[in-house]
Each structure stands twice: as structure tokens, then as C-alpha cells.
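What follows is the content of protein36.cif, which has mmCIF, C-alpha atoms and all ligand atoms:
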data_run
#
loop_
_atom_site.label_atom_id
_atom_site.label_comp_id
_atom_site.auth_asym_id
_atom_site.auth_seq_id
_atom_site.Cartn_x
_atom_site.Cartn_y
_atom_site.Cartn_z
CA MET A 18 33.19 52.03 10.28
CA ILE A 19 35.58 54.02 12.46
CA ASN A 20 32.81 54.20 15.10
CA LEU A 21 32.37 50.41 14.93
CA LEU A 22 36.10 49.94 15.52
CA SER A 23 35.88 52.32 18.45
CA GLU A 24 32.96 50.31 19.97
CA GLN A 25 34.86 47.05 19.46
CA ILE A 26 37.82 48.50 21.38
CA LYS A 27 35.63 49.80 24.20
CA ASP A 28 33.91 46.38 24.55
CA SER A 29 37.08 44.29 24.33
CA LYS A 30 37.80 42.05 27.32
CA GLU A 31 41.07 40.63 25.94
CA PRO A 32 44.12 42.30 24.33
CA LEU A 33 43.57 43.04 20.65
CA GLN A 34 46.10 42.42 17.90
CA ILE A 35 45.75 45.21 15.34
CA VAL A 36 46.25 43.92 11.81
CA GLY A 37 46.30 45.62 8.43
CA ARG A 38 46.51 43.40 5.37
CA GLU A 39 48.49 40.72 7.22
CA SER A 40 51.54 40.62 4.97
CA LYS A 41 53.59 39.97 8.10
CA LEU A 42 51.14 38.86 10.75
CA THR A 43 48.90 35.86 10.16
CA ASN A 44 46.85 33.51 12.33
CA THR A 45 46.83 35.76 15.37
CA ASN A 46 44.03 35.53 17.92
CA ASN A 47 41.60 38.31 18.73
CA LYS A 48 42.38 40.38 15.64
CA LEU A 49 41.24 43.93 15.16
CA SER A 50 41.39 44.23 11.40
CA ILE A 51 41.71 47.65 9.78
CA ALA A 52 41.86 46.20 6.25
CA ASP A 53 38.27 47.18 5.39
CA TYR A 54 38.75 50.76 6.46
CA GLN A 55 40.09 51.84 3.08
CA GLY A 56 39.90 54.61 0.50
CA ILE A 57 41.12 58.12 -0.17
CA VAL A 58 39.59 60.69 2.18
CA SER A 59 40.85 63.72 0.23
CA TYR A 60 43.52 64.46 -2.36
CA GLN A 61 44.60 67.97 -3.22
CA ALA A 62 47.24 67.38 -5.88
CA SER A 63 47.94 71.12 -6.31
CA GLU A 64 48.68 71.34 -2.55
CA LEU A 65 50.78 68.11 -2.58
CA VAL A 66 48.70 66.53 0.18
CA ILE A 67 46.68 63.33 0.43
CA THR A 68 44.64 61.93 3.32
CA VAL A 69 44.07 58.19 3.24
CA LYS A 70 42.35 55.54 5.36
CA ALA A 71 44.83 53.16 6.99
CA GLY A 72 43.53 49.93 5.38
CA THR A 73 44.14 51.24 1.84
CA SER A 74 46.61 49.12 -0.11
CA LEU A 75 49.90 50.73 -1.08
CA GLN A 76 49.18 49.75 -4.66
CA GLU A 77 45.90 51.68 -4.78
CA LEU A 78 47.44 54.72 -3.10
CA GLN A 79 50.37 54.75 -5.50
CA GLN A 80 48.07 54.42 -8.52
CA VAL A 81 46.01 57.41 -7.40
CA LEU A 82 49.17 59.49 -6.96
CA ALA A 83 50.67 58.32 -10.27
CA SER A 84 47.53 59.50 -12.10
CA LYS A 85 48.68 63.04 -11.15
CA ASN A 86 52.41 62.30 -11.72
CA GLN A 87 53.03 62.32 -7.98
CA MET A 88 54.52 59.81 -5.54
CA LEU A 89 55.31 58.87 -1.96
CA SER A 90 58.88 60.08 -1.84
CA PHE A 91 59.97 57.67 0.92
CA GLU A 92 59.52 54.65 -1.42
CA PRO A 93 57.55 52.32 0.88
CA PRO A 94 58.28 48.61 0.27
CA ASP A 95 55.22 46.71 -0.95
CA TYR A 96 55.09 43.10 0.24
CA GLY A 97 52.30 42.31 -2.23
CA ASN A 98 49.32 43.50 -0.29
CA SER A 99 50.69 45.92 2.30
CA SER A 100 48.43 48.58 3.78
CA ILE A 101 49.54 52.15 4.28
CA GLY A 102 48.58 51.85 7.98
CA GLY A 103 50.88 48.82 8.44
CA THR A 104 53.64 50.63 6.56
CA TYR A 105 53.25 53.62 8.92
CA ALA A 106 53.04 51.31 11.98
CA CYS A 107 56.32 49.62 10.95
CA ALA A 108 58.05 52.86 9.83
CA LEU A 109 58.95 51.35 6.47
CA SER A 110 60.90 53.49 4.02
CA GLY A 111 62.91 52.43 0.99
CA SER A 112 66.26 52.96 -0.65
CA ALA A 113 65.82 56.73 -1.02
CA GLN A 114 65.54 57.26 2.74
CA ALA A 115 69.08 58.57 3.22
CA PHE A 116 68.60 61.21 0.50
CA ARG A 117 64.92 62.18 0.38
CA GLY A 118 63.84 61.42 3.97
CA ALA A 119 61.96 58.68 5.80
CA LEU A 120 58.21 58.06 6.10
CA ARG A 121 57.95 60.14 9.29
CA ASP A 122 59.31 63.19 7.44
CA PHE A 123 56.26 63.15 5.14
CA VAL A 124 53.50 62.69 7.74
CA LEU A 125 51.37 65.79 8.21
CA GLY A 126 48.62 64.47 10.46
CA ILE A 127 46.81 61.38 11.75
CA LYS A 128 43.49 60.20 13.14
CA ILE A 129 43.83 57.44 15.72
CA ILE A 130 41.74 55.37 18.11
CA ASN A 131 43.42 55.11 21.51
CA GLY A 132 43.12 52.21 23.96
CA GLU A 133 39.99 53.72 25.48
CA GLY A 134 38.24 53.77 22.12
CA ASN A 135 38.46 57.56 21.70
CA ILE A 136 38.88 58.90 18.17
CA LEU A 137 41.58 61.60 18.23
CA SER A 138 43.19 63.78 15.56
CA PHE A 139 46.74 65.20 15.58
CA GLY A 140 48.59 67.47 13.17
CA GLY A 141 46.77 68.54 10.05
CA GLN A 142 47.40 68.92 6.35
CA MET A 143 50.28 71.37 6.55
CA MET A 144 53.87 71.13 7.78
CA LYS A 145 53.43 74.27 9.93
CA ASN A 146 50.42 72.89 11.73
CA VAL A 147 52.24 71.23 14.59
CA ALA A 148 52.10 72.75 18.06
CA GLY A 149 53.02 70.92 21.27
CA TYR A 150 53.84 67.21 21.04
CA ASP A 151 54.20 65.95 17.51
CA VAL A 152 52.04 62.84 17.95
CA SER A 153 51.53 62.22 14.23
CA ARG A 154 55.23 61.45 13.86
CA LEU A 155 55.70 59.96 17.33
CA LEU A 156 53.46 56.98 16.48
CA VAL A 157 55.42 56.08 13.34
CA GLY A 158 56.89 52.64 14.14
CA SER A 159 54.52 51.96 17.07
CA LYS A 160 53.78 48.53 15.54
CA GLY A 161 50.19 48.22 16.75
CA SER A 162 51.10 48.62 20.42
CA LEU A 163 49.79 52.10 21.24
CA ALA A 164 46.80 52.99 19.04
CA VAL A 165 44.90 52.11 15.90
CA ILE A 166 46.12 54.34 13.09
CA ALA A 167 42.88 55.13 11.27
CA GLU A 168 43.77 57.90 8.79
CA ILE A 169 47.03 59.53 7.70
CA SER A 170 47.75 62.76 5.80
CA PHE A 171 50.96 62.72 3.76
CA LYS A 172 52.94 65.34 1.96
CA VAL A 173 53.49 63.96 -1.56
CA LEU A 174 55.98 65.02 -4.25
CA PRO A 175 56.07 65.15 -8.05
CA GLN A 176 57.54 62.09 -9.76
CA VAL A 177 61.18 62.54 -10.80
CA THR A 178 63.38 61.28 -13.62
CA GLU A 179 66.14 59.02 -12.32
CA ALA A 180 68.76 56.68 -13.77
CA THR A 181 70.58 53.76 -12.13
CA TYR A 182 74.20 52.73 -12.69
CA SER A 183 76.21 49.75 -11.51
CA ILE A 184 79.89 48.82 -11.06
CA GLU A 185 81.41 45.47 -10.07
CA MET A 186 83.18 45.97 -6.75
CA LEU A 187 84.23 44.39 -3.44
CA GLU A 188 81.82 44.93 -0.55
CA GLU A 189 84.34 46.79 1.61
CA ASP A 190 85.20 49.15 -1.27
CA ALA A 191 81.51 49.81 -1.96
CA ILE A 192 80.89 50.80 1.69
CA ILE A 193 83.73 53.33 1.49
CA LEU A 194 82.57 54.70 -1.87
CA MET A 195 78.89 55.15 -0.93
CA ASN A 196 79.86 57.07 2.19
CA LYS A 197 82.36 59.20 0.26
CA TRP A 198 79.80 60.06 -2.43
CA ALA A 199 77.10 60.86 0.12
CA GLY A 200 79.31 63.76 1.25
CA THR A 201 79.55 65.25 -2.24
CA ALA A 202 77.18 67.29 -4.39
CA LEU A 203 76.30 64.30 -6.60
CA PRO A 204 72.48 64.22 -7.06
CA LEU A 205 72.17 60.75 -5.52
CA SER A 206 68.80 59.28 -4.61
CA ALA A 207 69.96 55.75 -3.63
CA CYS A 208 73.13 53.68 -3.07
CA ALA A 209 73.30 49.94 -2.50
CA TYR A 210 75.44 46.83 -2.79
CA TYR A 211 74.06 43.54 -4.02
CA GLN A 212 75.56 40.35 -5.48
CA GLY A 213 79.04 41.79 -6.00
CA ARG A 214 77.92 45.09 -7.53
CA PHE A 215 77.66 48.66 -6.30
CA TYR A 216 74.42 50.35 -7.45
CA TYR A 217 73.71 54.05 -7.42
CA ARG A 218 70.81 56.14 -8.66
CA LEU A 219 70.95 59.76 -9.80
CA PHE A 220 68.19 62.36 -10.06
CA GLY A 221 67.64 64.03 -13.42
CA LYS A 222 69.32 63.49 -16.78
CA HIS A 223 73.08 62.87 -17.01
CA ASP A 224 75.84 62.34 -19.50
CA LYS A 225 76.84 58.76 -19.97
CA GLN A 226 78.45 57.48 -16.77
CA GLN A 227 81.53 55.29 -16.75
CA ALA A 228 79.48 52.66 -14.97
CA GLU A 229 76.96 50.41 -16.71
CA GLU A 230 73.41 51.81 -16.84
CA VAL A 231 70.87 49.32 -15.49
CA ASP A 232 67.09 49.19 -15.13
CA ASN A 233 65.63 51.22 -12.26
CA LYS A 234 63.73 48.03 -11.31
CA ILE A 235 66.76 46.86 -9.28
CA TRP A 236 65.42 49.02 -6.44
CA GLN A 237 62.28 46.86 -6.31
CA THR A 238 64.50 43.81 -5.69
CA LEU A 239 66.18 45.55 -2.80
CA ASN A 240 62.98 47.08 -1.48
CA PRO A 241 61.18 44.99 -0.31
CA PHE A 242 64.11 42.64 0.13
CA GLN A 243 63.16 38.97 0.54
CA THR A 244 64.82 35.55 0.56
CA THR A 245 63.42 32.03 0.50
CA GLU A 246 61.25 30.90 3.44
CA LYS A 247 63.94 28.49 4.72
CA GLU A 248 66.51 31.17 5.38
CA PHE A 249 66.65 33.37 8.46
CA LEU A 250 66.68 36.93 7.26
CA TRP A 251 67.58 39.84 9.54
CA ARG A 252 67.42 43.57 8.90
CA ALA A 253 70.10 45.51 10.75
CA SER A 254 70.16 49.29 11.10
CA VAL A 255 73.75 50.44 11.56
CA PRO A 256 75.89 53.57 11.13
CA SER A 257 76.51 53.88 7.38
CA THR A 258 80.30 53.53 7.74
CA THR A 259 80.07 50.17 9.57
CA LYS A 260 82.57 47.79 8.00
CA LYS A 261 81.62 44.57 6.23
CA ILE A 262 79.35 42.38 8.41
CA ALA A 263 79.51 38.57 8.06
CA ASN A 264 76.70 36.90 6.07
CA THR A 265 75.42 40.15 4.56
CA VAL A 266 73.38 39.51 1.40
CA ALA A 267 72.57 43.12 0.56
CA ILE A 268 73.40 46.66 1.70
CA ASP A 269 70.87 49.42 1.17
CA CYS A 270 70.14 53.00 2.27
CA CYS A 271 73.70 54.15 1.61
CA GLY A 272 75.17 51.67 4.11
CA ASN A 273 72.65 52.17 6.93
CA ARG A 274 70.64 49.02 6.21
CA ARG A 275 72.24 45.58 6.08
CA TRP A 276 70.29 42.43 5.17
CA ILE A 277 71.87 39.42 6.83
CA VAL A 278 71.11 35.71 6.48
CA SER A 279 72.02 33.84 9.63
CA GLU A 280 70.63 31.12 11.88
CA HIS A 281 71.63 33.16 14.93
CA LYS A 282 70.75 36.74 15.78
CA PRO A 283 73.58 39.01 14.58
CA ASP A 284 75.33 40.70 17.51
CA LEU A 285 74.18 44.22 16.65
CA ALA A 286 72.06 46.75 18.54
CA TYR A 287 69.17 47.27 16.12
CA VAL A 288 68.12 44.07 14.37
CA ASP A 289 64.71 42.80 13.23
CA LYS A 290 63.93 39.22 12.24
CA TRP A 291 62.28 39.42 8.85
CA GLN A 292 60.16 36.31 8.81
CA LYS A 293 56.52 35.76 8.00
CA GLY A 294 54.14 34.73 10.77
CA LEU A 295 56.38 35.88 13.61
CA ALA A 296 55.23 38.73 15.78
CA ILE A 297 57.09 41.86 14.79
CA SER A 298 60.18 42.06 16.95
CA LYS A 299 60.66 45.12 19.11
CA SER A 300 64.38 45.64 18.78
CA VAL A 301 64.77 48.68 21.01
CA LYS A 302 65.96 47.61 24.43
CA HIS A 303 67.91 50.57 25.80
CA PRO A 304 66.58 51.26 29.35
CA ALA A 305 66.02 54.98 28.69
CA GLN A 306 64.03 54.17 25.57
CA MET A 307 62.03 51.46 27.37
CA LYS A 308 61.06 53.99 30.02
CA ILE A 309 59.74 56.31 27.32
CA GLU A 310 57.84 53.44 25.66
CA GLN A 311 56.23 52.52 28.99
CA GLY A 312 55.23 56.14 29.57
CA LEU A 313 53.66 56.33 26.10
CA LYS A 314 51.78 53.07 26.70
CA LYS A 315 50.26 54.55 29.89
CA VAL A 316 49.06 57.61 27.96
CA PHE A 317 47.75 55.99 24.78
CA ASP A 318 46.65 52.59 26.05
CA PRO A 319 46.36 52.71 29.88
CA HIS A 320 44.38 49.44 30.16
CA GLY A 321 46.67 47.43 27.84
CA VAL A 322 44.00 46.81 25.19
CA TYR A 323 46.55 46.57 22.35
CA CYS A 324 49.05 43.70 22.23
CA PRO A 325 52.49 44.99 23.25
C1 LIG A 401 57.97 38.02 5.41
C2 LIG A 401 57.84 39.41 5.97
C3 LIG A 401 58.51 39.74 7.13
C4 LIG A 401 58.42 41.03 7.66
N1 LIG A 401 59.08 41.31 8.81
C5 LIG A 401 58.98 42.53 9.37
C6 LIG A 401 59.63 42.83 10.61
O1 LIG A 401 60.26 41.98 11.22
N2 LIG A 401 59.53 44.10 11.10
C7 LIG A 401 58.81 45.06 10.45
O2 LIG A 401 58.73 46.20 10.93
N3 LIG A 401 58.18 44.79 9.29
C8 LIG A 401 58.24 43.56 8.73
N4 LIG A 401 57.61 43.28 7.54
C9 LIG A 401 56.86 44.33 6.87
C10 LIG A 401 55.53 44.67 7.53
O3 LIG A 401 55.15 43.84 8.55
C11 LIG A 401 54.32 44.69 6.59
O4 LIG A 401 54.62 44.26 5.32
C12 LIG A 401 53.79 46.10 6.58
O5 LIG A 401 53.46 46.48 7.86
C13 LIG A 401 52.62 46.22 5.64
O6 LIG A 401 51.35 46.35 6.26
P1 LIG A 401 50.30 45.19 6.50
O7 LIG A 401 48.98 45.84 6.23
O8 LIG A 401 50.53 43.94 5.75
O9 LIG A 401 50.58 44.94 8.03
P2 LIG A 401 50.30 43.66 8.97
O10 LIG A 401 51.18 42.53 8.55
O11 LIG A 401 48.84 43.36 9.05
O12 LIG A 401 50.77 44.28 10.34
C14 LIG A 401 52.11 44.62 10.54
C15 LIG A 401 52.26 45.43 11.84
O13 LIG A 401 51.63 46.71 11.72
C16 LIG A 401 50.63 46.89 12.73
N5 LIG A 401 49.52 47.59 12.08
C17 LIG A 401 48.97 47.30 10.86
N6 LIG A 401 48.00 48.18 10.57
C18 LIG A 401 47.91 49.03 11.62
C19 LIG A 401 47.08 50.15 11.92
N7 LIG A 401 46.16 50.60 11.06
N8 LIG A 401 47.23 50.77 13.12
C20 LIG A 401 48.18 50.35 14.00
N9 LIG A 401 49.00 49.32 13.77
C21 LIG A 401 48.87 48.65 12.60
C22 LIG A 401 50.30 45.49 13.22
O14 LIG A 401 49.84 45.49 14.56
C23 LIG A 401 51.64 44.79 13.07
O15 LIG A 401 52.45 45.08 14.19
C24 LIG A 401 57.65 42.00 7.01
C25 LIG A 401 56.96 41.66 5.84
C26 LIG A 401 57.05 40.39 5.33
C27 LIG A 401 56.30 40.04 4.08
#
Please render this file's structure as C-alpha cells.
Amino acid sequence: MINLLSEQIKDSKEPLQIVGRESKLTNTNNKLSIADYQGIVSYQASELVITVKAGTSLQELQQVLASKNQMLSFEPPDYGNSSIGGTYACALSGSAQAFRGALRDFVLGIKIINGEGNILSFGGQMMKNVAGYDVSRLLVGSKGSLAVIAEISFKVLPQVTEATYSIEMLEEDAIILMNKWAGTALPLSACAYYQGRFYYRLFGKHDKQQAEEVDNKIWQTLNPFQTTEKEFLWRASVPSTTKKIANTVAIDCCGNRRWIVSEHKPDLAYVDKWQKGLAISKSVKHPAQMKIEQGLKKVFDPHGVYCP
């Protein structure tokens, strides 16, 4: 099938919109769907490495890993039917990001199809494998604009025991506390603020905390975070110590991620509109960064085959 995709790209006369399982994008024209390119290519549990086709659902991938008591440590959000390729293309990591690392930190290698229909491989199945430009991590977050992500090799980790605790608190106090704790030796794996409560998660087994112990499932409410269709939801990426922002409905990733409900775009540098059906917004607008993006486009997709 990868050869068929490559032919389709070579023959294309119009820009193609790459789609995975369409949890965000729907009803686009001239789709290049990767959803059927699915399955596990190889899984060496003893080596903590898995190679997977991009159309594979997150659910299937996580089930395969769980059968060996392993996991994707970056906690990708599952919007019901998300593909691992779409998750990679959107650089989606969950609540543990500040403590365990983001998706890009676990990518070992990729196979892609560039805008000229060439099938190319970068990286490998080992952390040490990278020489020259680190393309397998560079394309994380490319949002379908540079290349088709066909296969990805990830470093995986053993599942861990964790417990979640919660304390009622004011938002401004929670922001101070999560930043203070992040600088200590506490074995934190997540910190958040939601509906008037500060939530924190600890690795391993612990004596009873002074806070109330709650179900670990709270992290699935925060990640993926969603509101009703009528509301305008924005995801802002900010320095963790940023003070209280108006209309915030949840704080995740130890203060770095703020979910905001607002009719108007919040006046912040890095904001994405989290709404179904809309093209994924490209929030990066700094001139230096735009220059790099344009240079990458020329290299990976010189004829503009993929929608920007
Ligand atoms: C309501 C809603 C709003 C969302 N809003 C955003 C948002 O604003 N920003 C954001 O980053 N994420 C957003 N997401 C999450 C994200 O779009 C998808 O859930 C995630 O990408 C899962 O993959 P998918 O297969 O459903 O991707 P799709 O929805 O099919 O595609 C999402 C993006 O990934 C690209 N893509 C998918 N597969 C590949 C591939 N194999 N190779 C190259 N590119 C690929 C597409 O071109 C597109 O840009 C949103 C999700 C939902 C449900």
C-alpha cells in the first residue's frame, strides 16, 4: 500500500490533504487517507521498541503494548479514533509531558513519503542511531504540510504504578504550588488544576497523603480535554509560571498548558483553536521560524503537493 500512496502523490495534479482517522479534519477535498495503512511492523518488547504503521489507531497500539505491561510514556490524547500518525503530525503529548518527556523524545525513526513521492527512512530503532539532521524528530508537529508519515519507531517504557491526589485551592495558588513542587525531588508525573481543585500524580507507592486520593481517571478528562461543540476552546502553550489567564477552564502540564474558552482569540503567542472541522491552525508566526518552515517546505515538498 505504501507504493500505491507514493504513486498517488506522484500523479497528483492538485494539493493533497493528508488525513489519518479524521478526528479533527473532516469533509476536506482531495484527501490522501493514511487510515488503511495500519498494523504493527515489529515489536521487540525486550528491547523497548515498537515500529508501527501511521494509520494504526492509538487504541490498538496501546492494547498491544499493555499486553506486555508497556506503554507510550508521553500519554497521547485519544479523541476516540485517533491514529498514531495524526498524533505524531500534531505533536500531541499528555499530562506527563513536563516530567517524562514529549512525543518527540520517544521517536527513534520514521519512514516518510516526500512531496515527490519518494519513500525515505530516517533514524532507526535505537537512540544512538542519529547522525546528521534529526529528521525523525524534526517532522513531529508538521501537521501534514511536509510529508506523509508512513511508519514510526518509538521507544516504549514499562507501565508504572501511580496515585493521584487532589486539594481544593484557588487557581493562582495552584500555579505557584505546581511550579514550586516541580523544583523539588517529589516523584511527580503530572500536575493540573481543574474545577477549583489542584491535582497531582505521584510515581510509585506512598504513605497516605494529606490530600484526598482520587481515581487516576481524572487524567483522561484532562487529556484529551474537550468542551461542548458550542463553545470556542483554545489551547495555549505558555511558560509554566504564567499567572492566571482569564476564562481558563483547565491547567495541565504543570502550568504550561492552559485550556481557555473564549469567543475571541486569547492574546497569547502560541494558541491553537481546538474545534472540529477547522483546518489545524499553524500558530507559529515568528519571522525566523517562518523562514525555517519555508526552507523545510522547499526540501520536503518542493512542488507544494501537500496542503500547507
Ligand atoms: C475537536 C478536536 C479539535 C482538535 N483540534 C486540534 C488543533 O487545533 N490542533 C492540533 O494539533 N490538534 C487538534 N486535535 C487533535 C488532532 O487533530 C487529532 O485528534 C490527532 O491528530 C489524531 O489523529 P487523526 O488520525 O484523527 O488525525 P486527522 O484528524 O485525520 O489529522 C490531523 C492532522 O494530522 C495530519 N496527519 C494525519 N495523519 C498524518 C500522517 N500519517 N502523515 C502526515 N500528516 C498526518 C493531518 O494532515 C492533519 O493536519 C483536535 C481533535 C479534536 C477531536
- Message: Residues contacting ligand LIG 401 (chain A) - anything with an atom at most 7 Å away, using all atoms listed in the file - can you give me those as a ChimeraX atom specification?
- Response: /A:34-42,51,71-72,95-96,98-104,106-109,159-162,164-167,289-293,297-298
Box for stretch 254-264 of chain A - axis-aligned, 5 Å on each of the six sides, all listed atoms - centre and size in Å to one decimal, as lines of an AutoDock Vina configuration file.
center_x = 76.4
center_y = 45.4
center_z = 8.8
size_x = 22.4
size_y = 27.0
size_z = 15.5
- Point-to-point distance in Å for atom CA of A:Ile19 and atom CA of A:Leu137: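 Atom-to-atom, atom CA of A:Leu137 and atom CA of A:Ile19 are spaced 11.3 Å apart.
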- Query: Skipping near chain neighbours, those fewer than 4 positions away, what residues fall within 10 Å of A:Pro256 using all atoms listed in the file, listed as a PyMOL selection string?
  - Reply: chain A and resi 260+271-274
- Task: Rank A:Arg275, A:Lys172, A:Lys30, A:Arg117 by their smallest atom-to-atom distance to A:Tyr60, using all atoms listed in the file, and report the top residue only.
- Result: A:Lys172
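Counting all atoms listed in the file, the residue from A:Trp276, A:Tyr182, A:Tyr150, A:Tyr210 that sits nearest to A:Asn233 is A:Tyr182.
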- Task: Find the spatial neighbours of A:Asp122, counting only C-alpha atoms, within a cut-off of 10 Å - ignore same-chain residues fewer than 4 positions away - and output them as a ChimeraX atom specification.
- Result: /A:90-91,114,117-118,144,154,171-172
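Between atom CA of A:Lys282 and atom CA of A:Tyr323 there is a distance of 26.9 Å.
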- Among listed residues A:Val173, A:Ala119, A:Val157, A:Leu21, nearest A:Leu82 (using all atoms listed in the file):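 Among the listed residues, the smallest separation from A:Leu82 belongs to A:Val173.
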- Task: Take atom CA of A:Lys48 and atom CA of A:Pro32 and report the distance between them in Å, one decimal.
- Result: 9.1 Å
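With distances taken over only C-alpha atoms, A:Leu313 is the one residue among A:Leu313, A:Asn20, A:Lys308, A:Ile57 lying closest to A:Val152.
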Tell me, as a tab-separated table (two decimals) with C-alpha atoms, in the frame of the given file, which residues lie within 12 Å of A:Asp28, counting all atoms listed in the file; anything in the same chain fewer than 3 positions away does not count.
chain	number	residue	atom	x	y	z
A	21	LEU	CA	32.37	50.41	14.93
A	22	LEU	CA	36.10	49.94	15.52
A	23	SER	CA	35.88	52.32	18.45
A	24	GLU	CA	32.96	50.31	19.97
A	25	GLN	CA	34.86	47.05	19.46
A	31	GLU	CA	41.07	40.63	25.94
A	32	PRO	CA	44.12	42.30	24.33
A	33	LEU	CA	43.57	43.04	20.65
A	132	GLY	CA	43.12	52.21	23.96
A	133	GLU	CA	39.99	53.72	25.48
A	134	GLY	CA	38.24	53.77	22.12
A	322	VAL	CA	44.00	46.81	25.19
- Message: Report as a ChimeraX atom specification all protein, DNA and RNA residues lying within 6 Å of A:Arg218, evaluated on only C-alpha atoms, omitting residues in the same chain fewer than 3 positions from it.
- Response: /A:180-181,205-207
- Query: At a cut-off of 10 Å from (56.5, 62.9, -8.1) in the coordinates of the file, what residues are picked up using all atoms listed in the file, written as a list of chain:residue names?
  - Reply: A:Leu65, A:Leu82, A:Ala83, A:Lys85, A:Asn86, A:Gln87, A:Met88, A:Leu89, A:Ser90, A:Val173, A:Leu174, A:Pro175, A:Gln176, A:Val177, A:Thr178
Please supply stretch 187-203 of chain A, rebuilt with N, CA, C and O atoms, as an mmCIF file, in the coordinates of the input.
data_model
loop_
_atom_site.group_PDB
_atom_site.id
_atom_site.type_symbol
_atom_site.label_atom_id
_atom_site.label_comp_id
_atom_site.auth_asym_id
_atom_site.auth_seq_id
_atom_site.Cartn_x
_atom_site.Cartn_y
_atom_site.Cartn_z
ATOM 1 N N LEU A 187 84.211 45.135 -4.705
ATOM 2 C CA LEU A 187 84.230 44.390 -3.440
ATOM 3 C C LEU A 187 83.332 45.110 -2.433
ATOM 4 O O LEU A 187 83.229 46.344 -2.454
ATOM 5 N N GLU A 188 82.755 44.343 -1.523
ATOM 6 C CA GLU A 188 81.820 44.930 -0.550
ATOM 7 C C GLU A 188 82.476 46.054 0.273
ATOM 8 O O GLU A 188 81.907 47.134 0.440
ATOM 9 N N GLU A 189 83.702 45.780 0.755
ATOM 10 C CA GLU A 189 84.340 46.790 1.610
ATOM 11 C C GLU A 189 84.618 48.086 0.834
ATOM 12 O O GLU A 189 84.486 49.193 1.372
ATOM 13 N N ASP A 190 84.944 47.963 -0.455
ATOM 14 C CA ASP A 190 85.200 49.150 -1.270
ATOM 15 C C ASP A 190 83.891 49.923 -1.514
ATOM 16 O O ASP A 190 83.865 51.152 -1.529
ATOM 17 N N ALA A 191 82.803 49.171 -1.710
ATOM 18 C CA ALA A 191 81.510 49.810 -1.960
ATOM 19 C C ALA A 191 81.051 50.619 -0.747
ATOM 20 O O ALA A 191 80.514 51.720 -0.883
ATOM 21 N N ILE A 192 81.296 50.078 0.459
ATOM 22 C CA ILE A 192 80.890 50.800 1.690
ATOM 23 C C ILE A 192 81.649 52.129 1.768
ATOM 24 O O ILE A 192 81.078 53.176 2.067
ATOM 25 N N ILE A 193 82.932 52.091 1.453
ATOM 26 C CA ILE A 193 83.730 53.330 1.490
ATOM 27 C C ILE A 193 83.210 54.313 0.439
ATOM 28 O O ILE A 193 82.969 55.490 0.719
ATOM 29 N N LEU A 194 82.975 53.802 -0.777
ATOM 30 C CA LEU A 194 82.570 54.700 -1.870
ATOM 31 C C LEU A 194 81.207 55.344 -1.617
ATOM 32 O O LEU A 194 81.026 56.547 -1.830
ATOM 33 N N MET A 195 80.222 54.549 -1.133
ATOM 34 C CA MET A 195 78.890 55.150 -0.930
ATOM 35 C C MET A 195 78.923 56.238 0.135
ATOM 36 O O MET A 195 78.241 57.252 0.026
ATOM 37 N N ASN A 196 79.755 56.037 1.157
ATOM 38 C CA ASN A 196 79.860 57.070 2.190
ATOM 39 C C ASN A 196 80.591 58.302 1.680
ATOM 40 O O ASN A 196 80.232 59.433 2.015
ATOM 41 N N LYS A 197 81.597 58.080 0.831
ATOM 42 C CA LYS A 197 82.360 59.200 0.260
ATOM 43 C C LYS A 197 81.424 60.032 -0.637
ATOM 44 O O LYS A 197 81.348 61.248 -0.530
ATOM 45 N N TRP A 198 80.684 59.357 -1.505
ATOM 46 C CA TRP A 198 79.800 60.060 -2.430
ATOM 47 C C TRP A 198 78.673 60.805 -1.712
ATOM 48 O O TRP A 198 78.225 61.848 -2.151
ATOM 49 N N ALA A 199 78.212 60.220 -0.618
ATOM 50 C CA ALA A 199 77.100 60.860 0.120
ATOM 51 C C ALA A 199 77.513 62.247 0.631
ATOM 52 O O ALA A 199 76.663 63.103 0.876
ATOM 53 N N GLY A 200 78.832 62.468 0.778
ATOM 54 C CA GLY A 200 79.310 63.760 1.250
ATOM 55 C C GLY A 200 79.654 64.718 0.123
ATOM 56 O O GLY A 200 80.262 65.760 0.355
ATOM 57 N N THR A 201 79.277 64.370 -1.097
ATOM 58 C CA THR A 201 79.550 65.250 -2.240
ATOM 59 C C THR A 201 78.246 65.846 -2.775
ATOM 60 O O THR A 201 77.170 65.539 -2.276
ATOM 61 N N ALA A 202 78.372 66.649 -3.821
ATOM 62 C CA ALA A 202 77.180 67.290 -4.390
ATOM 63 C C ALA A 202 76.502 66.425 -5.459
ATOM 64 O O ALA A 202 75.575 66.871 -6.135
ATOM 65 N N LEU A 203 76.937 65.196 -5.604
ATOM 66 C CA LEU A 203 76.300 64.300 -6.600
ATOM 67 C C LEU A 203 74.802 64.200 -6.315
ATOM 68 O O LEU A 203 74.415 64.005 -5.157
#
